[in-house]
Amino acid sequence: MIRAINRKLLRDLWHIRGQAIAIVLVIASGVAIFVMSLSTYSSLDLTSQTYFDRYRFGDVFAQLQRAPDSLVSRIREIPGVSQVQTRIVKEVTLDVPGLPEPATGRLISLPESNETTLNALFLRDGRFPEPYRRDEVLASEAFMVANNLNPGDFIGAVINGKKQELKIVGTVLSPEYIISLGGGAIIPDDRRFGVLWMDDESLSTVYDMDGAFNDVCMTLRREASLPETLQRLDLLLEPYGGFESYGRDDQLSYSFLSDELSQLKAMSKITPTIFLGVSAFLLNVVVSRIISTQREQIAMLKAFGYGNFHIVSHYLKLILSIAGLGILIGIGWGGALGISVTEMYGEFYKFPLIFFQLDFRVVVIGVVISLLFAVGGTFRTVLSAARLPPAEAMRPEPPAQFRATIVERLGLAAFLSASVRMILRQLERKPFKTALSAFGIALAVAVMVLGRFSIDAINYIMEHQFSIAQRQDITVNLVEESDYSAFHALRNLPGVMHAEPFRQLPVRLRYRTLEKELSLTGLEPDAELFRIMNADEKRVPLPPEGVLLSEKLAEILHIKPGEEIRVEVLDGRRQTTKLRVTGTVTDFSGTNAYLSIDASRSFLQEGPSISGAYLQVDEREMDNLYRQLKETPRVAGVTILKAARESFQKTVGENMLKMNVFNIMFGCIIAVGVVYNTARISLSERARELATLRVIGFTRAEVSTILLGELAIVTLVAIPLGLIIGYGFSAILSSALETDMYRIPLAFKPYSFGFSAVVVMVAALVSGLIVRRKVDHFDLISVLKSRD
């Protein structure tokens with residue numbers, strides 16, 4: 001008996017092979033995204049943790065102005081401290097061969113033994129500098145690759161006001177710089193920012209730092225309390241101009257990686273859930289259709305002694321066969337995509353080696369979730385089939401009760417052909433089936449909208465950030481705060497058409513028990529080069545007094561406009577004041593706070609001073625300006641807006657767009673799968689009726705019009721609904737991907753909605769043509785013989 005019913009299973013699978021393949025691909029897509037996202041997540045996590053452990057990445061970091069080496073022993077006495085490493089870190093301007101504009105370098109002292117206690121270096125190529133050689137440095141691999149440099153090449157650097165030629169003797173990687181971000185930057189620019197390591201003796205001599213340091217990092221024992229350690233360290237460093245110390249989670253490079261991992265984890269939950277939910281829906285529709293057409297067979301099976309258990313087992317085997325094949329394909333597909341995506345991240349984040357692992361737990365979880373969706377979405381239908389009494393099952397389902405459609409009751413039937421009236425009658429008689437079909441196609445549209453969302457969001461960020469809000473050509477940061485004579489000097493540089501000063505202060509913002517460390521930016525009230533804009537592209541004026549906070553910062557601090565916030569300056573002055581929050585602004589990167597530059601001077605009780613300037617430059621004078629900036633000792637760094645835009649597009653944009661290609665590909669699969677299944681199910685359910693119409697004289701074209709007309713109407717109704725659902729899916733994803741460092745705006749272009757609709761319409765057209773071919777080749781006698 002079991003062998004016979006299994007043969008029936010194979011015949012059923014062959015009979016619905018087209019629909020089964022479509023469902024298999026949808027399930028495979030969901031499993032592939034799940035496996036790809038989580039395997040990439042676990043691979044990056046394994047790689048980073050292995051690297052951080054082996055090369056002793058620090059747990060605590062702090063910067064200060066200058067402290068004697070004798071302070072190290074007191075730092076080691078802080079409870080829970082395991083290892084301490086002090087060093088000298090200085091920002092310099094670099095003159096890189098082949099690069100017209102000035103680059104920014106970060107010089108870090110290297111112990112005499114070349115063996116750093118913490119944040120150990122991995123030598124990729126070349127050698128370590130020889131002791132007491134002031135012209136020899138190591139360089140970060142990202143900087144070397146971006147500028148086509150090799151060990152033995154020379155670069156120029158303005159070190160403590162003097163131009164010096166530096167010989168690069170080795171290429172290294174550091175766990176502290178798995179992604180190279182300059183001071184205050186949130187976008188990596190490997191060509192224009194590089195990290196250099198120089199012999200400690202040489203660097204201390206150049207900057208008159210013998211027996212002193214201005215940077216410290218440490219590791220902690222397991223039992224250590226991070227907040228207590230930071231507090232004690234800040235107290236020790238405060239007399240020496242210490243800035244706020246911070247833990248590993250707030251270290252810029254590590255924070256960037258953590259945000260990426262969080263986004264990967266979020267993607268592994270949201271997108272696969274949508275795909276697997278759609279596959280469960282399709283399976284339910286297909287199995288329901290099979291059961292409805294096999295009522296007589298179910299009755300005969302029961303008559304021959306098959307019990308409810310055998311009936312349930314039979315249809316569950318059908319479901320598990322389809323789901324199992326989709327899961328197997330999805331695991332292999334997801335593993336291959338995981339390797340590709342992990343390698344992509346390996347190019348972005350600089351690790352000595354990158355490990356890919358297809359975690360067995362990920363596979364098991366993917367299998368279990370997929371099976372739960374597949375079985376859970378169909379079990380009720382299968383159970384109802386098993387409970388069907390044999391006598392009732394032997395009778396065909398009663399025909400639908402005739403009633404005039406709304407159009408006919410309105411008296412419009414005379415204006416419609418017989419085919420159109422039949423289409424409307426069929427849709428109105430079975431509203432639940434029509435609604436399910438429309439909902440399935442709407443989900444296909446929604447997935448396409450979700451796939452296009454990232455592209456539009458990235459384009460919006462680039463347009464908003466680099467064209468509307470920021471309109472300067474160059475941002476110049478000075479080595480230290482300067483009076484207005486520095487601003488006048490910058491304004492008189494070659495080609496500068498307009499300049500605006502800015503003031504940046506390292507501060508801690510406190511509101512009740514919450515606090516956040518950041519850079520407070522003072523701007524001119526009527527600034528035109530750096531404008532504070534809202535998401536609706538309206539300018540937000542700077543108040544004469546008070547402070548504007550980014551919405552994300554206000555959310556972190558749980559503060560509202562009108563309330564006062566405590567501002568503590570973290571450099572040597574340590575002033576404290578209270579400012580009223582006058583409003584919030586929408587931005588997409590970092591946590592920011594702005595105030596009038598005059599207000600910053602007022603609470604600092606200082607004269608006119610600046611940290612740098614935004615410059616609008618005549619493009620014809622760019623090369624002359626670059627040459628002069630390279631020779632200017634007071635310049636700590638230069639940011640070129642065009643280069644920042646290109647860097648953003650190359651890093652964040654390209655990575656998100658590559659992931660988006662996968663989403664669109666999977667979206668196309670689900671669109672074809674849903675629409676094709678809808679068309680095939682409709683054909684199967686109405687085969688006898690359509691064959692009857694052919695026999696009584698309807699042409700093939702007229703019969704096809706009836707069937708495909710239903711599909712067309714359902715598709716057209718589904719598209720607007722799908723656009724709305726897709727917008728909702730995108731809103732969920734936008735919220736899930738939000739971090740302190742980046743926000744993804746919920747932005748769409750009309751093209752994306754049009755693209756999504758067109759893809760589904762094309763899928764409907766192709767599916768319709770396939771079904772039309774089957775209608776054209778009806779075996780009328782066989783169809784009319786079959787009993788419903």
# chains A, B, ... in the order shown; residues from 1 in each chain; ligands from 1
$ residues_around --residues "Pro608 (chain A)" --least-positions-apart "6" --cutoff "7 Å" --atoms "only C-alpha atoms" --output "number ranges by chain"
A: 483-484, 601
$ residues_around --residues "region 362-364 of chain A" --least-positions-apart "2" --cutoff "10 Å" --atoms "only C-alpha atoms" --output "compact mmCIF listing (two decimals) with C-alpha atoms, in the first residue's frame"
# COMPACT_ATOMS: atom_id res chain seq x y z
CA VAL A 31 17.25 30.10 2.50
CA PHE A 34 19.52 33.61 5.33
CA VAL A 35 22.61 31.41 4.92
CA MET A 36 24.52 34.13 3.05
CA SER A 37 23.82 36.81 5.65
CA LEU A 38 24.48 34.72 8.75
CA SER A 39 27.48 32.85 7.31
CA SER A 42 29.81 34.55 11.51
CA ILE A 327 16.36 24.09 1.13
CA LEU A 328 19.19 22.03 -0.39
CA GLY A 330 19.33 27.41 -0.95
CA ILE A 331 22.08 26.09 1.33
CA GLY A 334 23.77 30.72 0.07
CA GLY A 335 27.18 29.21 0.81
CA LEU A 358 29.47 27.74 6.75
CA ASP A 359 28.35 27.37 10.33
CA PHE A 360 26.48 24.10 10.94
CA GLY A 366 17.75 27.67 8.18
CA VAL A 367 16.39 24.16 7.63
CA VAL A 368 14.16 24.28 10.73
CA ILE A 369 12.74 27.73 9.93
CA SER A 370 12.06 26.79 6.30
$ residues_around --residues "Ile78 (chain A)" --least-positions-apart "4" --cutoff "9 Å" --atoms "only C-alpha atoms" --output "compact mmCIF listing (two decimals) with N, CA, C and O atoms, in the first residue's frame"
# COMPACT_ATOMS: atom_id res chain seq x y z
N ARG A 74 51.11 54.67 37.48
CA ARG A 74 49.84 54.96 38.15
C ARG A 74 48.66 54.42 37.33
O ARG A 74 47.65 53.99 37.89
N THR A 229 36.85 51.90 35.15
CA THR A 229 38.19 52.08 34.60
C THR A 229 38.29 53.39 33.84
O THR A 229 39.27 54.15 33.99
N ARG A 232 38.38 56.35 36.31
CA ARG A 232 39.67 56.50 36.99
C ARG A 232 40.75 57.01 36.03
O ARG A 232 41.60 57.83 36.40
N LEU A 233 40.71 56.51 34.79
CA LEU A 233 41.71 56.95 33.81
C LEU A 233 41.52 58.43 33.49
O LEU A 233 42.51 59.19 33.39
$ closest_residue --among "A:Leu13, A:Ile159, A:Ile88, A:Cys217" --to "Phe57 (chain A)" --atoms "only C-alpha atoms"
A:Cys217
$ residues_around --residues "Ala323 (chain A)" --least-positions-apart "5" --cutoff "8 Å" --atoms "only C-alpha atoms" --output "PDB file with N, CA and C atoms, in the first residue's frame"
ATOM      1  N   VAL A  24      10.161  25.998  -5.394  1.00  0.00           N
ATOM      2  CA  VAL A  24      11.521  25.599  -4.987  1.00  0.00           C
ATOM      3  C   VAL A  24      12.469  26.789  -5.075  1.00  0.00           C
ATOM      4  N   ILE A  27      11.715  29.299  -2.219  1.00  0.00           N
ATOM      5  CA  ILE A  27      12.264  28.797  -0.950  1.00  0.00           C
ATOM      6  C   ILE A  27      13.786  28.885  -0.961  1.00  0.00           C
ATOM      7  N   SER A 370      12.696  27.031   7.608  1.00  0.00           N
ATOM      8  CA  SER A 370      12.061  26.791   6.305  1.00  0.00           C
ATOM      9  C   SER A 370      10.978  25.730   6.411  1.00  0.00           C
ATOM     10  N   LEU A 371      11.284  24.650   7.119  1.00  0.00           N
ATOM     11  CA  LEU A 371      10.298  23.581   7.267  1.00  0.00           C
ATOM     12  C   LEU A 371       9.092  24.055   8.084  1.00  0.00           C
ATOM     13  N   ALA A 374       7.013  26.055   5.720  1.00  0.00           N
ATOM     14  CA  ALA A 374       6.370  25.220   4.703  1.00  0.00           C
ATOM     15  C   ALA A 374       5.232  24.392   5.305  1.00  0.00           C
TER      16      ALA A 374
END
$ residues_around --residues "region 537-544 of chain A" --least-positions-apart "4" --cutoff "10 Å" --atoms "only C-alpha atoms" --output "MDAnalysis selection string"
chainID A and resid 464 468:469 522:527 531:533 548 581:586 594:599
$ closest_residue --among "A:Pro633, A:Gly152, A:Gly607, A:Pro745" --to "Phe588 (chain A)" --atoms "only C-alpha atoms"
A:Pro745
$ residues_around --residues "Glu500 (chain A)" --least-positions-apart "4" --cutoff "9 Å" --atoms "only C-alpha atoms" --output "PyMOL selection string"
chain A and resi 487+491+523-524+527-530+612-616
$ write_last_selection --atoms "C-alpha atoms" --output "compact mmCIF listing (two decimals), in the first residue's frame"
# COMPACT_ATOMS: atom_id res chain seq x y z
CA PHE A 487 41.24 82.38 8.57
CA ARG A 491 40.82 83.08 2.55
CA LEU A 523 29.19 77.64 12.34
CA GLU A 524 28.52 81.09 10.97
CA ALA A 527 26.84 79.94 6.37
CA GLU A 528 26.29 79.00 2.72
CA LEU A 529 28.98 76.37 2.22
CA PHE A 530 27.97 74.09 5.12
CA GLY A 612 39.43 75.34 10.18
CA ALA A 613 37.51 76.66 7.22
CA TYR A 614 35.28 75.61 4.34
CA LEU A 615 36.57 76.86 1.01
CA GLN A 616 34.90 77.39 -2.35
$ atom_distance --atom1 "CA of Ile354 (chain A)" --atom2 "CA of Glu646 (chain A)"
26.2 Å
$ closest_residue --among "A:Val382, A:Val771, A:Ile365, A:Leu746" --to "Val675 (chain A)" --atoms "only C-alpha atoms"
A:Val771
$ select_by_dssp --residues "region 561-769 of chain A" --states "alpha helix (DSSP H)" --output "MDAnalysis selection string"
chainID A and resid 597:604 622:630 641:648 654:695 700:736 750:769
$ residues_around --residues "region 558-572 of chain A" --least-positions-apart "4" --cutoff "9 Å" --atoms "only C-alpha atoms" --output "PyMOL selection string"
chain A and resi 64-65+238-244+505-512+514+517+546-549+553-554+576-584+604
$ write_last_selection --atoms "C-alpha atoms" --output "tab-separated table (two decimals), in the first residue's frame"
chain	number	residue	atom	x	y	z
A	64	LEU	CA	45.79	63.78	25.87
A	65	GLN	CA	48.04	66.74	25.25
A	238	GLU	CA	42.73	65.39	33.33
A	239	PRO	CA	45.70	67.46	34.62
A	240	TYR	CA	47.57	66.60	31.41
A	241	GLY	CA	44.92	67.83	28.99
A	242	GLY	CA	43.24	64.45	28.68
A	243	PHE	CA	40.25	64.01	26.44
A	244	GLU	CA	37.45	61.60	27.23
A	505	LEU	CA	35.14	71.31	20.30
A	506	PRO	CA	35.41	67.88	21.91
A	507	VAL	CA	32.55	67.85	24.41
A	508	ARG	CA	30.48	65.59	26.60
A	509	LEU	CA	26.75	66.27	26.47
A	510	ARG	CA	24.81	65.29	29.60
A	511	TYR	CA	21.06	65.09	30.08
A	512	ARG	CA	19.95	63.60	33.37
A	514	LEU	CA	22.56	59.99	29.90
A	517	GLU	CA	30.88	62.39	23.72
A	546	GLY	CA	21.35	77.39	22.19
A	547	VAL	CA	22.21	74.24	20.29
A	548	LEU	CA	20.76	72.10	17.49
A	549	LEU	CA	20.99	68.32	17.86
A	553	LEU	CA	21.52	62.28	19.21
A	554	ALA	CA	18.28	63.61	20.73
A	576	THR	CA	31.03	73.59	31.67
A	577	THR	CA	27.82	75.33	30.68
A	578	LYS	CA	24.16	74.69	29.99
A	579	LEU	CA	22.61	75.28	26.59
A	580	ARG	CA	18.99	75.12	25.53
A	581	VAL	CA	18.13	72.64	22.78
A	582	THR	CA	16.36	74.82	20.21
A	583	GLY	CA	15.56	72.06	17.73
A	584	THR	CA	16.56	68.83	16.03
A	604	LEU	CA	34.42	79.48	26.08
$ closest_residue --among "A:Ser752, A:Leu427, A:His314, A:Phe143" --to "Ile706 (chain A)" --atoms "only C-alpha atoms"
A:Leu427
$ select_by_dssp --residues "region 203-297 of chain A" --states "strand (DSSP E or B)" --output "PyMOL selection string"
chain A and resi 212-220+246-247
$ write_last_selection --atoms "all heavy atoms" --output "mmCIF file, in the first residue's frame"
data_model
loop_
_atom_site.group_PDB
_atom_site.id
_atom_site.type_symbol
_atom_site.label_atom_id
_atom_site.label_comp_id
_atom_site.auth_asym_id
_atom_site.auth_seq_id
_atom_site.Cartn_x
_atom_site.Cartn_y
_atom_site.Cartn_z
ATOM 1 N N ALA A 212 57.800 61.459 27.250
ATOM 2 C CA ALA A 212 56.393 61.845 27.369
ATOM 3 C C ALA A 212 55.568 61.093 26.331
ATOM 4 O O ALA A 212 56.108 60.475 25.407
ATOM 5 C CB ALA A 212 56.231 63.352 27.190
ATOM 6 N N PHE A 213 54.275 61.175 26.484
ATOM 7 C CA PHE A 213 53.359 60.541 25.537
ATOM 8 C C PHE A 213 52.091 61.364 25.452
ATOM 9 O O PHE A 213 51.808 62.200 26.309
ATOM 10 C CB PHE A 213 53.038 59.096 25.970
ATOM 11 C CG PHE A 213 52.302 58.994 27.279
ATOM 12 C CD1 PHE A 213 50.919 58.967 27.333
ATOM 13 C CD2 PHE A 213 53.001 58.932 28.492
ATOM 14 C CE1 PHE A 213 50.235 58.864 28.537
ATOM 15 C CE2 PHE A 213 52.337 58.835 29.701
ATOM 16 C CZ PHE A 213 50.938 58.803 29.724
ATOM 17 N N ASN A 214 51.312 61.134 24.392
ATOM 18 C CA ASN A 214 50.020 61.832 24.255
ATOM 19 C C ASN A 214 48.886 60.880 23.847
ATOM 20 O O ASN A 214 47.821 61.326 23.439
ATOM 21 C CB ASN A 214 50.119 62.986 23.251
ATOM 22 C CG ASN A 214 50.327 62.495 21.825
ATOM 23 O OD1 ASN A 214 50.587 61.318 21.585
ATOM 24 N ND2 ASN A 214 50.229 63.413 20.878
ATOM 25 N N ASP A 215 49.150 59.580 23.955
ATOM 26 C CA ASP A 215 48.132 58.593 23.596
ATOM 27 C C ASP A 215 48.383 57.328 24.421
ATOM 28 O O ASP A 215 49.536 56.931 24.616
ATOM 29 C CB ASP A 215 48.215 58.269 22.099
ATOM 30 C CG ASP A 215 47.032 57.452 21.615
ATOM 31 O OD1 ASP A 215 47.024 56.224 21.821
ATOM 32 O OD2 ASP A 215 46.125 58.027 20.999
ATOM 33 N N VAL A 216 47.314 56.715 24.903
ATOM 34 C CA VAL A 216 47.463 55.513 25.714
ATOM 35 C C VAL A 216 46.368 54.519 25.343
ATOM 36 O O VAL A 216 45.237 54.901 25.033
ATOM 37 C CB VAL A 216 47.396 55.844 27.230
ATOM 38 C CG1 VAL A 216 46.061 56.482 27.588
ATOM 39 C CG2 VAL A 216 47.620 54.600 28.075
ATOM 40 N N CYS A 217 46.732 53.252 25.307
ATOM 41 C CA CYS A 217 45.737 52.195 25.138
ATOM 42 C C CYS A 217 46.045 51.084 26.136
ATOM 43 O O CYS A 217 47.201 50.915 26.560
ATOM 44 C CB CYS A 217 45.712 51.665 23.707
ATOM 45 S SG CYS A 217 47.273 51.043 23.108
ATOM 46 N N MET A 218 45.046 50.325 26.518
ATOM 47 C CA MET A 218 45.223 49.291 27.535
ATOM 48 C C MET A 218 44.240 48.155 27.309
ATOM 49 O O MET A 218 43.230 48.306 26.618
ATOM 50 C CB MET A 218 45.043 49.845 28.943
ATOM 51 C CG MET A 218 44.401 51.190 29.036
ATOM 52 S SD MET A 218 44.525 51.969 30.628
ATOM 53 C CE MET A 218 42.977 51.527 31.336
ATOM 54 N N THR A 219 44.586 47.028 27.880
ATOM 55 C CA THR A 219 43.652 45.902 27.923
ATOM 56 C C THR A 219 43.233 45.681 29.369
ATOM 57 O O THR A 219 43.945 46.072 30.300
ATOM 58 C CB THR A 219 44.295 44.616 27.368
ATOM 59 O OG1 THR A 219 45.507 44.353 28.066
ATOM 60 C CG2 THR A 219 44.560 44.736 25.886
ATOM 61 N N LEU A 220 42.076 45.051 29.529
ATOM 62 C CA LEU A 220 41.505 44.836 30.856
ATOM 63 C C LEU A 220 41.365 43.347 31.142
ATOM 64 O O LEU A 220 41.227 42.534 30.233
ATOM 65 C CB LEU A 220 40.121 45.498 30.954
ATOM 66 C CG LEU A 220 40.038 46.997 30.635
ATOM 67 C CD1 LEU A 220 38.597 47.471 30.757
ATOM 68 C CD2 LEU A 220 40.953 47.800 31.541
ATOM 69 N N TYR A 246 37.682 56.140 26.149
ATOM 70 C CA TYR A 246 36.557 55.376 25.604
ATOM 71 C C TYR A 246 36.944 53.911 25.445
ATOM 72 O O TYR A 246 38.125 53.566 25.372
ATOM 73 C CB TYR A 246 36.098 55.949 24.259
ATOM 74 C CG TYR A 246 37.212 56.129 23.249
ATOM 75 C CD1 TYR A 246 37.521 55.117 22.339
ATOM 76 C CD2 TYR A 246 37.953 57.306 23.209
ATOM 77 C CE1 TYR A 246 38.541 55.283 21.413
ATOM 78 C CE2 TYR A 246 38.973 57.482 22.297
ATOM 79 C CZ TYR A 246 39.266 56.465 21.402
ATOM 80 O OH TYR A 246 40.277 56.629 20.490
ATOM 81 N N GLY A 247 35.934 53.058 25.417
ATOM 82 C CA GLY A 247 36.155 51.636 25.274
ATOM 83 C C GLY A 247 36.221 51.208 23.826
ATOM 84 O O GLY A 247 36.040 52.010 22.895
#
$ atom_distance --atom1 "CA of Ile640 (chain A)" --atom2 "CA of Met497 (chain A)"
15.6 Å
